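**Q** Structure below; questions to follow.
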Amino acid sequence: MVIIFFALIFAMLMFTFSFGAYSMNGINRTVMYIPMEMFQKNVYVLEKNDTSFFYFEEIKLKNDLTEYFTRLEKYTNDYTLTIMFTNAQGKLDLSLRHQGVRITVNATAYFDYNYKKTMFYHVGESNE
């Protein structure tokens, strides 16, 4: 009888830990594999004097990223998404033409494990 009790406890623990691993892997996959097309379709080109200046369209990119990260709701109910537009060097940019975006994701997975990841994407200049 004691062996059955311990087997039942062991089975419940295995189920709990496997669900926690499933949640963490899902959060990590969602964050790490953001489609690059999302950024590419939101890049605008300003041409002036044979020089091209590339920048992100802020509102559309923010909406696309917010919609993409709703996938996290499959794995956790507690997440925050912070999107900050910067210049190409990663510093805060108050202009209307942003060359970089910093995305920070905070999520709480199973057993109150905190997941935090910050990513930086930027567009470059081209003289083609």
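In the structure tokens, the first chain shown is A, the next is B, and so on; residue numbers restart at 1 for each chain, and ligands run from 1 in the order shown.
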Excluding stretch 62-71 of chain A and residues on its chain fewer than 6 positions from it, collect all residues at most 10 Å away from it, counting only C-alpha atoms, and give them as a PDB file with C-alpha atoms, in the first residue's frame.

**A**
ATOM      1  CA  GLY A  26       6.581  27.446 -25.131  1.00  0.00           C
ATOM      2  CA  ILE A  27       7.415  30.877 -23.734  1.00  0.00           C
ATOM      3  CA  THR A  30       7.594  32.248 -28.787  1.00  0.00           C
ATOM      4  CA  VAL A  31      10.096  34.878 -27.683  1.00  0.00           C
ATOM      5  CA  ILE A  34       9.891  36.164 -33.728  1.00  0.00           C
ATOM      6  CA  PRO A  35       9.431  36.145 -37.512  1.00  0.00           C
ATOM      7  CA  MET A  38       7.280  41.208 -39.025  1.00  0.00           C
ATOM      8  CA  PHE A  39      10.133  43.706 -38.852  1.00  0.00           C
ATOM      9  CA  ASN A  42       7.342  47.618 -41.134  1.00  0.00           C
ATOM     10  CA  PHE A  56      10.514  51.479 -38.423  1.00  0.00           C
ATOM     11  CA  ASN A  77      -1.621  34.302 -18.006  1.00  0.00           C
ATOM     12  CA  TYR A  79       3.179  38.374 -18.925  1.00  0.00           C
ATOM     13  CA  THR A  80       4.184  41.919 -19.784  1.00  0.00           C
ATOM     14  CA  LEU A  81       5.511  43.230 -23.055  1.00  0.00           C
ATOM     15  CA  THR A  82       7.533  46.451 -23.226  1.00  0.00           C
ATOM     16  CA  ILE A  83       8.320  47.935 -26.632  1.00  0.00           C
ATOM     17  CA  MET A  84      10.676  50.914 -26.771  1.00  0.00           C
ATOM     18  CA  PHE A  85      11.851  52.549 -29.973  1.00  0.00           C
ATOM     19  CA  VAL A 101      13.353  48.692 -31.292  1.00  0.00           C
ATOM     20  CA  ILE A 103      11.514  44.409 -26.843  1.00  0.00           C
ATOM     21  CA  VAL A 105       9.224  40.210 -22.275  1.00  0.00           C
TER      22      VAL A 105
END

**Q** Please, what distance in Å, to one decimal, runs between atom CA of A:Tyr121 and atom CA of A:Arg102?

**A**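 Calculated distance between atom CA of A:Tyr121 and atom CA of A:Arg102 is 6.5 Å.
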
**Q** Would you mind writing down, as a short mmCIF file (atom, residue, chain, number, x, y, z; two decimals) with N, CA and C atoms, in the first residue's frame, each residue of stretch 45-110 of chain A that DSSP on the backbone assigns to helix (DSSP H, G or I)?

**A**
data_model
loop_
_atom_site.label_atom_id
_atom_site.label_comp_id
_atom_site.auth_asym_id
_atom_site.auth_seq_id
_atom_site.Cartn_x
_atom_site.Cartn_y
_atom_site.Cartn_z
N GLU A 58 6.33 52.96 -36.35
CA GLU A 58 6.13 52.65 -34.93
C GLU A 58 4.77 52.01 -34.63
N ILE A 59 3.70 52.59 -35.06
CA ILE A 59 2.37 52.12 -34.67
C ILE A 59 2.08 50.73 -35.23
N LYS A 60 2.38 50.53 -36.51
CA LYS A 60 2.12 49.22 -37.11
C LYS A 60 2.98 48.13 -36.48
N LEU A 61 4.26 48.42 -36.25
CA LEU A 61 5.14 47.43 -35.65
C LEU A 61 4.70 47.09 -34.23
N LYS A 62 4.32 48.09 -33.47
CA LYS A 62 3.86 47.86 -32.10
C LYS A 62 2.59 46.99 -32.10
N ASN A 63 1.67 47.27 -33.01
CA ASN A 63 0.46 46.46 -33.10
C ASN A 63 0.77 45.03 -33.51
N ASP A 64 1.66 44.85 -34.47
CA ASP A 64 2.03 43.50 -34.92
C ASP A 64 2.70 42.71 -33.80
N LEU A 65 3.60 43.35 -33.07
CA LEU A 65 4.29 42.66 -31.97
C LEU A 65 3.32 42.31 -30.84
N THR A 66 2.42 43.22 -30.52
CA THR A 66 1.44 42.95 -29.47
C THR A 66 0.55 41.77 -29.87
N GLU A 67 0.13 41.75 -31.12
CA GLU A 67 -0.70 40.63 -31.59
C GLU A 67 0.09 39.32 -31.59
N TYR A 68 1.34 39.36 -31.99
CA TYR A 68 2.17 38.14 -32.01
C TYR A 68 2.34 37.57 -30.60
N PHE A 69 2.59 38.42 -29.63
CA PHE A 69 2.87 37.94 -28.28
C PHE A 69 1.61 37.52 -27.52
N THR A 70 0.43 37.65 -28.13
CA THR A 70 -0.75 37.05 -27.50
C THR A 70 -0.65 35.52 -27.51
N ARG A 71 0.27 34.97 -28.28
CA ARG A 71 0.52 33.52 -28.27
C ARG A 71 0.99 33.04 -26.90
N LEU A 72 1.56 33.94 -26.12
CA LEU A 72 2.02 33.56 -24.78
C LEU A 72 0.88 33.15 -23.86
N GLU A 73 -0.33 33.57 -24.18
CA GLU A 73 -1.47 33.24 -23.34
C GLU A 73 -1.74 31.74 -23.28
N LYS A 74 -1.20 31.00 -24.26
CA LYS A 74 -1.31 29.53 -24.21
C LYS A 74 -0.49 28.95 -23.08
N TYR A 110 5.03 28.35 -14.65
CA TYR A 110 4.62 27.44 -13.58
C TYR A 110 5.60 27.53 -12.41
#

**Q** What's the 7 Å shell around A:Tyr55, counting only C-alpha atoms, without same-chain residues fewer than 2 positions away, as a ChimeraX atom specification?

**A** /A:43-45,53,57,97-99,123
